[in-house]
$ cat start_18.cif   # mmCIF, C-alpha atoms
data_structure
loop_
_atom_site.label_atom_id
_atom_site.label_comp_id
_atom_site.auth_asym_id
_atom_site.auth_seq_id
_atom_site.Cartn_x
_atom_site.Cartn_y
_atom_site.Cartn_z
CA MET M 906 -65.20 -33.31 -118.71
CA GLY M 907 -64.83 -34.92 -115.20
CA ALA M 908 -64.94 -33.30 -111.76
CA SER M 909 -62.18 -30.89 -110.88
CA ASP M 910 -59.04 -32.06 -109.21
CA PRO M 911 -58.53 -30.27 -105.84
CA ALA M 912 -54.78 -30.56 -106.28
CA ALA M 913 -55.02 -28.46 -109.45
CA ALA M 914 -56.03 -25.47 -107.32
CA GLY M 915 -52.64 -25.48 -105.59
CA PRO M 916 -51.94 -25.26 -101.85
CA VAL M 917 -54.97 -24.97 -99.60
CA MET M 918 -55.77 -21.38 -98.76
CA GLY M 919 -55.84 -20.15 -95.20
CA ARG M 920 -58.84 -18.51 -93.54
CA GLU M 921 -57.49 -14.95 -93.87
CA GLU M 922 -56.43 -15.60 -97.45
CA VAL M 923 -59.93 -16.87 -98.25
CA ASP M 924 -61.53 -13.80 -96.65
CA ARG M 925 -59.28 -11.47 -98.62
CA ALA M 926 -60.08 -13.31 -101.86
CA LEU M 927 -63.84 -13.18 -101.16
CA ALA M 928 -63.65 -9.43 -100.46
CA ARG M 929 -61.72 -8.83 -103.66
CA LEU M 930 -64.08 -10.99 -105.70
CA GLY M 931 -67.09 -9.25 -104.18
CA ALA M 932 -65.78 -5.84 -105.17
CA GLU M 933 -64.93 -7.18 -108.60
CA HIS M 934 -68.43 -8.64 -108.90
CA GLU M 935 -69.97 -5.24 -108.16
CA ALA M 936 -67.71 -3.54 -110.73
CA ILE M 937 -68.57 -6.11 -113.40
CA GLU M 938 -72.28 -5.79 -112.69
CA THR M 939 -72.05 -1.99 -112.88
CA SER M 940 -70.19 -2.22 -116.21
CA LEU M 941 -72.72 -4.66 -117.67
CA LEU M 942 -75.67 -2.51 -116.59
CA ALA M 943 -73.97 0.57 -118.07
CA LEU M 944 -73.42 -1.37 -121.28
CA GLN M 945 -77.06 -2.38 -121.28
CA ASP M 946 -78.15 1.26 -120.87
CA HIS M 947 -75.59 2.71 -123.30
CA ALA M 948 -77.26 5.07 -125.77
CA GLY M 949 -75.17 3.63 -128.57
CA ARG M 950 -76.45 0.11 -127.86
CA ARG M 951 -80.07 1.28 -127.97
CA LEU M 952 -79.41 3.04 -131.28
CA LEU M 953 -77.75 -0.04 -132.74
CA GLU M 954 -80.66 -2.24 -131.69
CA GLY M 955 -83.17 0.05 -133.42
CA ALA M 956 -81.22 0.83 -136.59
CA GLU M 957 -81.40 -0.83 -139.99
CA LEU M 958 -77.73 -1.62 -140.28
CA THR M 959 -75.65 -2.56 -143.29
CA GLY M 960 -72.06 -3.36 -144.13
CA VAL M 961 -69.35 -3.71 -141.52
CA THR M 962 -71.57 -2.34 -138.74
CA LYS M 963 -74.19 -5.04 -139.32
CA GLU M 964 -71.55 -7.75 -139.13
CA ARG M 965 -69.81 -6.41 -136.02
CA TRP M 966 -73.04 -5.65 -134.19
CA ALA M 967 -74.32 -9.19 -134.78
CA ALA M 968 -71.15 -10.51 -133.13
CA ALA M 969 -71.46 -7.92 -130.34
CA GLU M 970 -75.02 -9.01 -129.55
CA GLN M 971 -73.78 -12.57 -129.10
CA HIS M 972 -71.06 -11.26 -126.81
CA ILE M 973 -73.62 -9.38 -124.70
CA ALA M 974 -75.67 -12.53 -124.19
CA LEU M 975 -72.48 -14.45 -123.39
CA LEU M 976 -71.36 -11.79 -120.90
CA TRP M 977 -74.55 -12.19 -118.89
CA ALA M 978 -74.17 -15.97 -118.98
CA TYR M 979 -70.62 -15.61 -117.72
CA PHE M 980 -71.73 -13.16 -115.05
CA ASP M 981 -74.44 -15.54 -113.85
CA ALA M 982 -71.83 -18.30 -113.56
CA TYR M 983 -69.52 -15.92 -111.71
CA THR M 984 -72.36 -14.91 -109.39
CA ASP M 985 -73.24 -18.53 -108.67
CA ALA M 986 -69.62 -19.37 -107.87
CA LEU M 987 -69.24 -16.35 -105.59
CA THR M 988 -72.54 -17.14 -103.83
CA ALA M 989 -71.50 -20.74 -103.32
CA ALA M 990 -68.14 -19.67 -101.87
CA ARG M 991 -69.80 -17.22 -99.51
CA GLU M 992 -72.23 -19.91 -98.31
CA ILE M 993 -69.39 -22.29 -97.59
CA ARG M 994 -67.49 -19.57 -95.75
CA ALA M 995 -70.58 -18.68 -93.70
CA ARG M 996 -70.98 -22.16 -92.25
CA ARG M 997 -68.48 -21.58 -89.48
CA ARG M 998 -66.49 -18.68 -88.12
CA SER M 999 -63.33 -20.75 -88.44
CA PRO M 1000 -63.70 -23.10 -91.39
CA GLY M 1001 -62.17 -26.54 -91.16
CA SER M 1002 -59.64 -28.07 -93.48
CA GLY M 1003 -62.32 -29.67 -95.63
CA GLU M 1004 -64.12 -26.38 -96.09
CA LEU M 1005 -60.85 -24.56 -96.83
CA ALA M 1006 -59.99 -27.18 -99.44
CA GLU M 1007 -63.45 -26.77 -100.97
CA LEU M 1008 -63.07 -22.97 -101.00
CA THR M 1009 -59.59 -23.23 -102.49
CA ASP M 1010 -60.93 -25.41 -105.28
CA LEU M 1011 -63.81 -23.01 -105.91
CA LEU M 1012 -61.78 -19.80 -105.78
CA ARG M 1013 -58.62 -21.00 -107.54
CA GLY M 1014 -59.55 -24.19 -109.36
CA ASP M 1015 -61.50 -24.73 -112.52
CA GLY M 1016 -64.74 -25.19 -110.64
CA ILE M 1017 -67.03 -23.08 -112.86
CA THR M 1018 -68.96 -24.99 -115.51
CA ILE M 1019 -69.90 -23.48 -118.86
CA ALA M 1020 -72.72 -25.06 -120.87
CA ALA M 1021 -72.06 -26.25 -124.41
CA GLY M 1022 -73.86 -23.27 -126.02
CA ALA M 1023 -71.88 -20.71 -124.03
CA ALA M 1024 -68.63 -22.52 -124.67
CA SER M 1025 -69.33 -22.60 -128.39
CA ALA M 1026 -70.04 -18.88 -128.46
CA ALA M 1027 -66.92 -18.19 -126.46
CA ASN M 1028 -64.72 -20.35 -128.68
CA PRO M 1029 -66.33 -20.65 -132.12
CA ASP M 1030 -63.26 -22.41 -133.48
CA ALA M 1031 -63.34 -25.17 -130.86
CA PRO M 1032 -64.80 -28.63 -131.75
CA ALA M 1033 -68.51 -28.93 -130.99
CA THR M 1034 -69.66 -31.27 -128.18
CA LEU M 1035 -72.70 -33.21 -129.33
CA THR M 1036 -74.75 -34.76 -126.56
CA ALA M 1037 -78.23 -36.22 -126.26
CA GLY M 1038 -80.69 -35.06 -123.66
CA PRO M 1039 -80.03 -32.19 -121.23
CA ALA M 1040 -77.05 -29.92 -121.79
CA LYS M 1041 -73.79 -31.49 -120.63
CA LEU M 1042 -70.85 -29.77 -119.03
CA SER M 1043 -68.60 -28.82 -121.87
CA GLU M 1044 -65.97 -26.65 -120.21
CA ARG M 1045 -64.71 -25.82 -116.75
CA LEU M 1046 -63.03 -22.52 -115.96
CA SER M 1047 -61.45 -20.82 -113.01
CA LEU M 1048 -62.79 -17.51 -111.75
CA GLU M 1049 -59.67 -15.79 -113.11
CA GLU M 1050 -60.16 -17.32 -116.57
CA LEU M 1051 -63.83 -16.37 -116.49
CA VAL M 1052 -63.00 -12.75 -115.62
CA ASP M 1053 -60.41 -12.63 -118.40
CA ARG M 1054 -63.00 -13.82 -120.90
CA MET M 1055 -65.55 -11.30 -119.66
CA ASN M 1056 -63.01 -8.50 -119.92
CA SER M 1057 -62.12 -9.51 -123.47
CA ARG M 1058 -65.72 -9.80 -124.68
CA TYR M 1059 -66.70 -6.63 -122.85
CA ALA M 1060 -63.88 -4.65 -124.50
CA GLU M 1061 -64.80 -5.94 -127.97
CA THR M 1062 -68.49 -5.14 -127.44
CA LEU M 1063 -67.86 -1.72 -125.95
CA ASP M 1064 -65.52 -0.90 -128.84
CA VAL M 1065 -68.33 -1.51 -131.34
CA ILE M 1066 -70.93 0.42 -129.33
CA ALA M 1067 -68.68 3.36 -128.46
CA ALA M 1068 -67.34 3.72 -132.00
CA ALA M 1069 -70.83 3.69 -133.53
CA ASP M 1070 -72.08 6.14 -130.90
CA SER M 1071 -69.12 8.47 -131.53
CA VAL M 1072 -69.79 8.52 -135.28
CA TRP M 1073 -73.53 9.06 -134.78
CA SER M 1074 -72.84 11.82 -132.25
CA ALA M 1075 -70.43 13.65 -134.52
CA LEU M 1076 -71.18 13.24 -138.20
CA PRO M 1077 -74.99 13.49 -138.66
CA ALA M 1078 -75.14 16.74 -136.66
CA ARG M 1079 -72.27 18.21 -138.66
CA ILE M 1080 -73.83 17.06 -141.91
CA ASP M 1081 -77.13 18.68 -140.90
CA LEU M 1082 -75.39 21.97 -140.11
CA LEU M 1083 -73.59 21.86 -143.44
CA GLY M 1084 -76.91 21.03 -145.10
CA ALA M 1085 -78.46 24.14 -143.55
CA GLU M 1086 -75.56 26.22 -144.85
CA LEU M 1087 -76.05 24.56 -148.23
CA GLN M 1088 -79.71 25.60 -148.28
CA ARG M 1089 -78.82 29.21 -147.50
CA THR M 1090 -76.21 29.16 -150.26
CA ARG M 1091 -78.73 27.66 -152.71
CA GLN M 1092 -81.23 30.42 -151.95
CA LEU M 1093 -78.55 33.07 -152.36
CA ALA M 1094 -77.37 31.48 -155.60
CA HIS M 1095 -80.93 31.43 -156.97
CA SER M 1096 -81.35 35.13 -156.16
CA VAL M 1097 -78.38 36.02 -158.39
CA GLY M 1098 -79.30 33.66 -161.21
CA VAL M 1099 -76.87 30.84 -160.38
CA ARG M 1100 -78.87 27.73 -161.27
CA PRO M 1101 -78.09 24.16 -162.32
CA ARG M 1102 -77.34 23.68 -166.02
CA GLU M 1103 -76.97 27.45 -166.34
CA HIS M 1104 -73.87 28.06 -164.24
CA PRO M 1105 -71.07 25.72 -163.05
CA ALA M 1106 -71.60 26.78 -159.44
CA GLY M 1107 -75.26 25.75 -159.71
CA ASP M 1108 -74.17 22.30 -160.90
CA ASP M 1109 -71.70 22.10 -158.00
CA LEU M 1110 -74.48 22.86 -155.52
CA GLU M 1111 -76.58 20.03 -156.95
CA ARG M 1112 -73.64 17.63 -156.67
CA ILE M 1113 -72.91 18.67 -153.06
CA THR M 1114 -76.60 18.28 -152.16
CA GLY M 1115 -76.60 14.70 -153.46
CA GLU M 1116 -73.31 13.90 -151.75
CA LEU M 1117 -74.55 15.13 -148.34
CA ALA M 1118 -77.78 13.14 -148.66
CA ASP M 1119 -75.87 9.97 -149.56
CA LEU M 1120 -73.29 10.56 -146.84
CA ARG M 1121 -75.90 11.02 -144.11
CA ALA M 1122 -77.79 7.89 -145.14
CA GLU M 1123 -74.57 5.83 -145.19
CA VAL M 1124 -73.48 7.17 -141.80
CA ILE M 1125 -76.82 6.22 -140.24
CA ARG M 1126 -76.82 2.70 -141.73
CA ASP M 1127 -73.11 1.87 -141.40
CA PRO M 1128 -71.40 4.15 -138.86
CA LEU M 1129 -68.39 1.87 -138.38
CA ALA M 1130 -67.48 2.40 -142.03
CA PHE M 1131 -66.67 5.98 -140.96
CA TRP M 1132 -64.51 5.10 -137.96
CA SER M 1133 -60.74 5.40 -137.87
CA ARG M 1134 -59.50 3.08 -135.15
CA GLY M 1135 -56.70 4.05 -132.81
CA SER M 1136 -53.69 1.90 -132.04
CA ALA M 1137 -54.13 -1.74 -131.10
CA SER M 1138 -53.34 -0.88 -127.46
CA SER M 1139 -55.91 1.92 -127.21
CA ALA M 1140 -58.95 1.64 -124.92
CA PRO M 1141 -62.33 0.46 -126.26
CA GLY M 1142 -63.74 3.10 -128.55
CA GLY M 1143 -60.29 4.52 -129.16
CA GLY M 1144 -60.13 6.35 -132.47
CA ARG M 1145 -62.04 9.11 -134.20
CA PRO M 1146 -64.77 9.57 -136.82
CA ASP M 1147 -63.49 9.59 -140.41
CA THR M 1148 -64.60 12.97 -141.76
CA ALA M 1149 -62.78 12.88 -145.11
CA ARG M 1150 -65.94 12.91 -147.26
CA TYR M 1151 -67.60 15.50 -145.05
CA ASP M 1152 -64.52 17.73 -145.18
CA ALA M 1153 -64.39 17.47 -148.98
CA ALA M 1154 -68.06 18.49 -149.25
CA ALA M 1155 -67.47 21.40 -146.84
CA ARG M 1156 -64.51 22.63 -148.91
CA ALA M 1157 -66.52 22.35 -152.13
CA LEU M 1158 -69.39 24.33 -150.59
CA GLU M 1159 -66.96 27.01 -149.39
CA ASP M 1160 -65.59 27.35 -152.93
CA VAL M 1161 -69.12 27.76 -154.28
CA ARG M 1162 -69.98 30.26 -151.56
CA ARG M 1163 -66.97 32.41 -152.47
CA GLU M 1164 -68.03 32.32 -156.12
CA ILE M 1165 -71.57 33.35 -155.18
CA GLU M 1166 -70.16 36.21 -153.09
CA ALA M 1167 -68.16 37.35 -156.10
CA VAL M 1168 -71.38 37.43 -158.11
CA LEU M 1169 -73.05 39.37 -155.27
CA HIS M 1170 -70.25 41.93 -155.34
CA VAL M 1171 -70.89 42.31 -159.06
CA ARG M 1172 -74.53 43.09 -158.33
CA GLN M 1173 -73.55 45.68 -155.74
CA ASP M 1174 -71.00 47.62 -157.80
CA ALA M 1175 -71.89 46.65 -161.36
CA GLU M 1176 -73.06 50.15 -162.33
CA GLN M 1177 -69.87 51.82 -161.11
CA ARG M 1178 -67.69 49.23 -162.81
CA LEU M 1179 -69.59 49.65 -166.09
CA ILE M 1180 -69.10 53.43 -165.84
CA GLU M 1181 -65.38 52.92 -165.32
CA VAL M 1182 -65.13 50.56 -168.31
CA ARG M 1183 -66.97 53.10 -170.49
CA ASP M 1184 -64.60 55.81 -169.27
CA VAL M 1185 -61.51 53.73 -170.13
CA LEU M 1186 -62.87 52.92 -173.59
CA SER M 1187 -63.76 56.59 -174.12
CA ARG M 1188 -60.21 57.61 -173.25
CA ALA M 1189 -58.91 54.98 -175.65
CA ASP M 1190 -61.18 56.37 -178.40
CA ARG M 1191 -59.98 59.93 -177.74
CA THR M 1192 -56.38 58.78 -177.77
CA LEU M 1193 -56.89 57.01 -181.11
CA ALA M 1194 -58.60 60.12 -182.50
CA GLU M 1195 -55.65 62.19 -181.36
CA ALA M 1196 -53.31 59.68 -182.99
CA ARG M 1197 -55.21 59.89 -186.28
CA GLN M 1198 -55.08 63.71 -186.18
CA ALA M 1199 -51.39 63.63 -185.30
CA ARG M 1200 -50.70 61.27 -188.18
CA GLY M 1201 -52.22 63.73 -190.61
CA GLU M 1202 -50.05 66.47 -189.16
CA VAL M 1203 -46.95 64.31 -189.41
CA LEU M 1204 -47.63 63.40 -193.00
CA ALA M 1205 -48.13 67.10 -193.78
CA LYS M 1206 -45.12 68.44 -191.87
CA ILE M 1207 -42.58 65.62 -191.93
CA LEU M 1208 -41.07 64.08 -195.05
CA ALA M 1209 -41.56 60.43 -194.04
CA SER M 1210 -43.00 57.27 -195.56
CA ASP M 1211 -42.99 54.95 -192.51
CA VAL M 1212 -45.59 56.65 -190.29
CA PRO M 1213 -47.70 53.73 -188.92
CA ALA M 1214 -51.42 53.59 -189.58
CA VAL M 1215 -53.84 54.10 -186.66
CA SER M 1216 -56.33 51.33 -185.90
CA GLY M 1217 -60.04 51.89 -185.66
CA PRO M 1218 -62.20 51.96 -182.51
CA PRO M 1219 -62.77 48.65 -180.63
CA THR M 1220 -66.24 47.88 -181.92
CA ALA M 1221 -66.22 44.36 -180.47
CA LEU M 1222 -65.65 45.75 -176.99
CA GLN M 1223 -68.47 48.23 -177.46
CA GLU M 1224 -70.80 45.38 -178.38
CA GLN M 1225 -69.74 43.42 -175.29
CA LEU M 1226 -70.24 46.53 -173.17
CA ALA M 1227 -73.80 46.76 -174.50
CA ASN M 1228 -74.30 43.08 -173.59
CA ALA M 1229 -73.02 43.77 -170.09
CA ALA M 1230 -75.47 46.63 -169.67
CA GLU M 1231 -78.30 44.34 -170.78
CA TYR M 1232 -77.21 41.64 -168.30
CA ARG M 1233 -77.34 44.25 -165.54
CA ARG M 1234 -80.80 45.43 -166.56
CA SER M 1235 -82.10 41.85 -166.62
CA ALA M 1236 -80.31 40.91 -163.34
CA GLN M 1237 -78.26 38.16 -165.00
CA TRP M 1238 -75.46 38.64 -162.49
CA HIS M 1239 -73.88 35.25 -163.08
CA ARG M 1240 -73.37 36.20 -166.75
CA LEU M 1241 -72.31 39.75 -165.96
CA SER M 1242 -69.60 38.72 -163.47
CA PRO M 1243 -67.16 37.02 -165.91
CA LEU M 1244 -67.99 39.48 -168.71
CA LEU M 1245 -67.18 42.48 -166.51
CA GLU M 1246 -63.84 41.01 -165.53
CA SER M 1247 -63.00 40.43 -169.20
CA LEU M 1248 -64.14 43.93 -170.19
CA GLU M 1249 -62.05 45.57 -167.47
CA GLN M 1250 -58.94 43.72 -168.61
CA ARG M 1251 -59.49 44.31 -172.31
CA ALA M 1252 -60.46 47.98 -171.88
CA GLY M 1253 -57.19 48.57 -170.03
CA ASP M 1254 -55.29 46.79 -172.79
CA GLU M 1255 -57.09 48.91 -175.40
CA LEU M 1256 -56.09 52.17 -173.69
CA THR M 1257 -52.47 51.00 -173.48
CA ARG M 1258 -52.51 50.10 -177.18
CA ALA M 1259 -53.99 53.49 -178.12
CA ARG M 1260 -51.29 55.31 -176.18
CA GLU M 1261 -48.59 53.23 -177.85
CA GLU M 1262 -50.01 54.05 -181.29
CA LEU M 1263 -50.08 57.78 -180.44
CA SER M 1264 -46.46 57.61 -179.32
CA ALA M 1265 -45.45 55.78 -182.50
CA VAL M 1266 -47.26 58.27 -184.76
CA THR M 1267 -45.91 61.39 -183.05
CA ALA M 1268 -42.32 60.14 -182.83
CA PRO M 1269 -41.19 62.22 -185.88
CA LEU M 1270 -42.66 65.36 -184.35
CA ALA M 1271 -40.79 64.61 -181.13
CA VAL M 1272 -37.56 64.19 -183.08
CA ARG M 1273 -38.13 67.54 -184.86
CA ALA M 1274 -38.86 69.25 -181.55
CA GLU M 1275 -35.66 67.86 -180.05
CA LEU M 1276 -33.61 69.08 -183.04
CA ARG M 1277 -35.18 72.53 -182.79
CA GLY M 1278 -34.38 72.72 -179.11
CA ARG M 1279 -30.78 71.64 -179.67
CA LEU M 1280 -30.28 74.19 -182.47
CA ASP M 1281 -31.60 77.07 -180.34
CA ALA M 1282 -29.53 75.98 -177.33
CA TYR M 1283 -26.30 76.13 -179.34
CA LYS M 1284 -27.30 79.49 -180.85
CA ALA M 1285 -27.77 80.93 -177.34
CA LYS M 1286 -24.41 79.52 -176.24
CA VAL M 1287 -22.67 81.07 -179.26
CA ALA M 1288 -24.35 84.42 -178.59
CA ARG M 1289 -23.12 84.44 -174.95
CA HIS M 1290 -19.57 84.19 -176.26
CA GLY M 1291 -20.02 87.05 -178.80
CA LEU M 1292 -19.92 84.80 -181.88
CA ALA M 1293 -23.46 85.37 -183.11
CA GLU M 1294 -22.27 87.32 -186.15
CA ASP M 1295 -19.71 84.75 -187.25
CA PRO M 1296 -20.47 84.24 -191.02
CA LEU M 1297 -19.97 80.43 -191.00
CA LEU M 1298 -22.06 79.93 -187.91
CA HIS M 1299 -24.78 82.24 -189.19
CA GLU M 1300 -24.90 80.41 -192.53
CA ARG M 1301 -25.09 76.97 -190.98
CA TYR M 1302 -27.68 78.08 -188.44
CA GLU M 1303 -29.98 79.54 -191.07
CA LYS M 1304 -29.71 76.43 -193.21
CA ALA M 1305 -30.67 74.16 -190.33
CA ARG M 1306 -33.45 76.52 -189.20
CA ARG M 1307 -35.03 76.64 -192.69
CA MET M 1308 -35.06 72.85 -192.83
CA LEU M 1309 -36.62 72.45 -189.37
CA TRP M 1310 -39.28 75.14 -189.83
CA SER M 1311 -40.29 74.17 -193.36
CA ALA M 1312 -42.95 71.66 -194.39
CA PRO M 1313 -42.55 68.91 -195.15
CA CYS M 1314 -39.41 68.63 -193.05
CA ASP M 1315 -36.70 66.18 -194.12
CA LEU M 1316 -35.62 64.97 -190.67
CA VAL M 1317 -32.52 63.20 -191.97
CA ALA M 1318 -31.19 66.27 -193.78
CA ALA M 1319 -32.26 68.56 -190.91
CA GLU M 1320 -30.44 66.44 -188.35
CA HIS M 1321 -27.33 66.53 -190.57
CA ALA M 1322 -27.57 70.35 -190.77
CA VAL M 1323 -27.94 70.67 -186.99
CA LEU M 1324 -24.89 68.49 -186.44
CA ARG M 1325 -22.83 70.63 -188.86
CA TYR M 1326 -23.87 73.80 -186.97
CA GLN M 1327 -23.11 72.08 -183.64
CA GLN M 1328 -19.62 71.13 -184.87
CA ALA M 1329 -18.87 74.63 -186.17
CA ALA M 1330 -20.03 76.16 -182.87
CA LEU M 1331 -17.85 73.85 -180.80
CA GLU M 1332 -14.82 74.56 -183.01
CA SER M 1333 -15.35 78.29 -182.64
CA LEU M 1334 -15.66 78.00 -178.86
CA ASN M 1335 -13.07 75.31 -178.11
CA GLY M 1336 -10.91 74.87 -181.19
CA PRO M 1337 -11.06 72.02 -183.73
CA VAL M 1338 -12.95 68.91 -182.52
CA ASP M 1339 -13.40 65.47 -183.97
CA LYS M 1340 -15.89 65.45 -186.80
CA PRO M 1341 -19.17 63.87 -185.63
CA ARG M 1342 -19.90 60.49 -187.16
CA GLY M 1343 -22.04 60.69 -190.30
CA MET M 1344 -20.75 64.12 -191.49
#
$ encode --input "start_18.cif" --output "structure tokens"
Amino acid sequence: MGASDPAAAGPVMGREEVDRALARLGAEHEAIETSLLALQDHAGRRLLEGAELTGVTKERWAAAEQHIALLWAYFDAYTDALTAAREIRARRRSPGSGELAELTDLLRGDGITIAAGAASAANPDAPATLTAGPAKLSERLSLEELVDRMNSRYAETLDVIAAADSVWSALPARIDLLGAELQRTRQLAHSVGVRPREHPAGDDLERITGELADLRAEVIRDPLAFWSRGSASSAPGGGRPDTARYDAAARALEDVRREIEAVLHVRQDAEQRLIEVRDVLSRADRTLAEARQARGEVLAKILASDVPAVSGPPTALQEQLANAAEYRRSAQWHRLSPLLESLEQRAGDELTRAREELSAVTAPLAVRAELRGRLDAYKAKVARHGLAEDPLLHERYEKARRMLWSAPCDLVAAEHAVLRYQQAALESLNGPVDKPRGM
């Protein structure tokens, strides 16, 4: 490319305008230098330089390293241009027209040269300039264009460094804390017999251990794979670490911890719970024994052929109860926990079933008792009205009483006799009434 055209810089700047531009560029130069030095000293950059990177982080860091080298090349060119402008301005207190034109070209024109290597790095898609011998001028830029390029490359580089540093600052420490919690949970699980290939929670602990180890290694080697970027307009480093895998491992560990705590509770109150299960089963046995005794009484006292049979004792539950006691003696808490829960449920069901069988067996006796009570109630009512000696009432009462107090009692015939006495009593007290159904 040829020398710059002074006319391309626009109207010639005045002395005050030049001084204001030099002051602004000087302040801007200091800010750029401060930013580049901060970038050079950034902890994330030092970590990236020393890490064995893979994946997307390796690719982006390789590009960022080229940008860093390019930024310093740009800054050197910027420094040279600013130094040259200051030297020209320092020649005279009141610069002449030639000096003002030269300053205008330097400050506003495309008077900054970029070597072929720097230009290629800045614009990798641009055609290459092949020259023999020393490096040729390949591109000329204005100070404004140079600053724009520095800002762009700086933002891209800082985005890589800040994102990697954010992930490294957040995730490994959290993974290590979760790993420490995992170790405590593993020790607790081992103390209650929860081990891999012996209990599902033990297998889960092994899986979580492997997942945390893999996750930490991947975070160290490829932190940018765990970065959720913010919006396109966000500042460099805008976004947050992607903690989805960490969160899933933390939830899985919490589920295991709750299961281990349940097993611990079993260890603490196993004896009392076993006593309570034995008590419930004992009550069920007594209730079944009572039902069997009641059935014999019913068959002896009630003329009936549909009295249900009474089942035997729950021998299977007794065997499981013995197994539970053995698990407690041998501290196999992980086996005792689910067995105790099953025993508690089934023992309660067994007691309910025994009570239902007793109720079914004693139903005829309850019917007889109700008929006896009704017969005596009507007899007392008749006596209060002075009709106790009525021949018809006396005859019907005695017939019903003999049926209800004889063995075996025919409940159907007895109920019919009670209803006939009830009807006769009501007719004597109130006059004729409708004949009860079934008479």
$ resolve_selection --input "start_18.cif" --expression "the PyMOL selection byres ((chain M and resi 1273) around 9)" --output "number ranges by chain"
M: 1207, 1268-1272, 1274-1278, 1309, 1314, 1316, 1319-1320
$ residues_near_point --input "start_18.cif" --point "(-75.5, 16.6, -150.0)" --cutoff "10 Å" --atoms "all atoms listed in the file" --output "MDAnalysis selection string"
chainID M and resid 1080:1081 1083:1084 1087 1110:1121 1151 1154:1155 1158
$ atom_distance --input "start_18.cif" --atom1 "CA of Arg1301 in chain M" --atom2 "CA of Val1203 in chain M"
25.3 Å
$ atom_distance --input "start_18.cif" --atom1 "CA of Val917 in chain M" --atom2 "CA of Asp1053 in chain M"
23.1 Å
$ resolve_selection --input "start_18.cif" --expression "the PyMOL selection byres ((chain M and resi 1072) around 10)" --output "CSV table (one decimal) with C-alpha atoms, keeping the file's coordinate frame"
chain,number,residue,atom,x,y,z
M,949,GLY,CA,-75.2,3.6,-128.6
M,1067,ALA,CA,-68.7,3.4,-128.5
M,1068,ALA,CA,-67.3,3.7,-132.0
M,1069,ALA,CA,-70.8,3.7,-133.5
M,1070,ASP,CA,-72.1,6.1,-130.9
M,1071,SER,CA,-69.1,8.5,-131.5
M,1073,TRP,CA,-73.5,9.1,-134.8
M,1074,SER,CA,-72.8,11.8,-132.2
M,1075,ALA,CA,-70.4,13.6,-134.5
M,1076,LEU,CA,-71.2,13.2,-138.2
M,1077,PRO,CA,-75.0,13.5,-138.7
M,1078,ALA,CA,-75.1,16.7,-136.7
M,1124,VAL,CA,-73.5,7.2,-141.8
M,1125,ILE,CA,-76.8,6.2,-140.2
M,1127,ASP,CA,-73.1,1.9,-141.4
M,1128,PRO,CA,-71.4,4.2,-138.9
M,1129,LEU,CA,-68.4,1.9,-138.4
M,1130,ALA,CA,-67.5,2.4,-142.0
M,1131,PHE,CA,-66.7,6.0,-141.0
M,1132,TRP,CA,-64.5,5.1,-138.0
M,1133,SER,CA,-60.7,5.4,-137.9
M,1145,ARG,CA,-62.0,9.1,-134.2
M,1146,PRO,CA,-64.8,9.6,-136.8
M,1147,ASP,CA,-63.5,9.6,-140.4
M,1148,THR,CA,-64.6,13.0,-141.8
$ resolve_selection --input "start_18.cif" --expression "the PyMOL selection byres ((chain M and resi 1200) around 8)" --output "mmCIF file with C-alpha atoms, keeping the file's coordinate frame"
data_model
loop_
_atom_site.group_PDB
_atom_site.id
_atom_site.type_symbol
_atom_site.label_atom_id
_atom_site.label_comp_id
_atom_site.auth_asym_id
_atom_site.auth_seq_id
_atom_site.Cartn_x
_atom_site.Cartn_y
_atom_site.Cartn_z
ATOM 1 C CA ALA M 1196 -53.310 59.680 -182.990
ATOM 2 C CA ARG M 1197 -55.210 59.890 -186.280
ATOM 3 C CA GLN M 1198 -55.080 63.710 -186.180
ATOM 4 C CA ALA M 1199 -51.390 63.630 -185.300
ATOM 5 C CA GLY M 1201 -52.220 63.730 -190.610
ATOM 6 C CA GLU M 1202 -50.050 66.470 -189.160
ATOM 7 C CA VAL M 1203 -46.950 64.310 -189.410
ATOM 8 C CA LEU M 1204 -47.630 63.400 -193.000
ATOM 9 C CA VAL M 1212 -45.590 56.650 -190.290
ATOM 10 C CA ALA M 1214 -51.420 53.590 -189.580
ATOM 11 C CA VAL M 1215 -53.840 54.100 -186.660
ATOM 12 C CA VAL M 1266 -47.260 58.270 -184.760
ATOM 13 C CA THR M 1267 -45.910 61.390 -183.050
#
$ closest_residue --input "start_18.cif" --among "M:Arg1289, M:Arg1234, M:Arg996, M:Arg991" --to "Gly931 in chain M" --atoms "all atoms listed in the file"
M:Arg991
$ residues_around --input "start_18.cif" --residues "Ser1002 in chain M" --least-positions-apart "3" --cutoff "12 Å" --atoms "all atoms listed in the file" --output "VMD selection string"
chain M and resid 916 to 920 994 997 999 1005 to 1009
$ atom_distance --input "start_18.cif" --atom1 "CA of Thr1192 in chain M" --atom2 "CA of Leu1179 in chain M"
19.9 Å
$ closest_residue --input "start_18.cif" --among "M:Arg925, M:Arg1306, M:Arg1126, M:Arg1172" --to "Arg1279 in chain M" --atoms "all atoms listed in the file"
M:Arg1306
$ closest_residue --input "start_18.cif" --among "M:Tyr1232, M:Trp1238, M:Tyr979, M:Tyr1059" --to "Ser1096 in chain M" --atoms "only C-alpha atoms"
M:Trp1238
$ closest_residue --input "start_18.cif" --among "M:Asp1108, M:Leu1297, M:Arg998, M:Ala1318" --to "Glu1332 in chain M" --atoms "all atoms listed in the file"
M:Leu1297
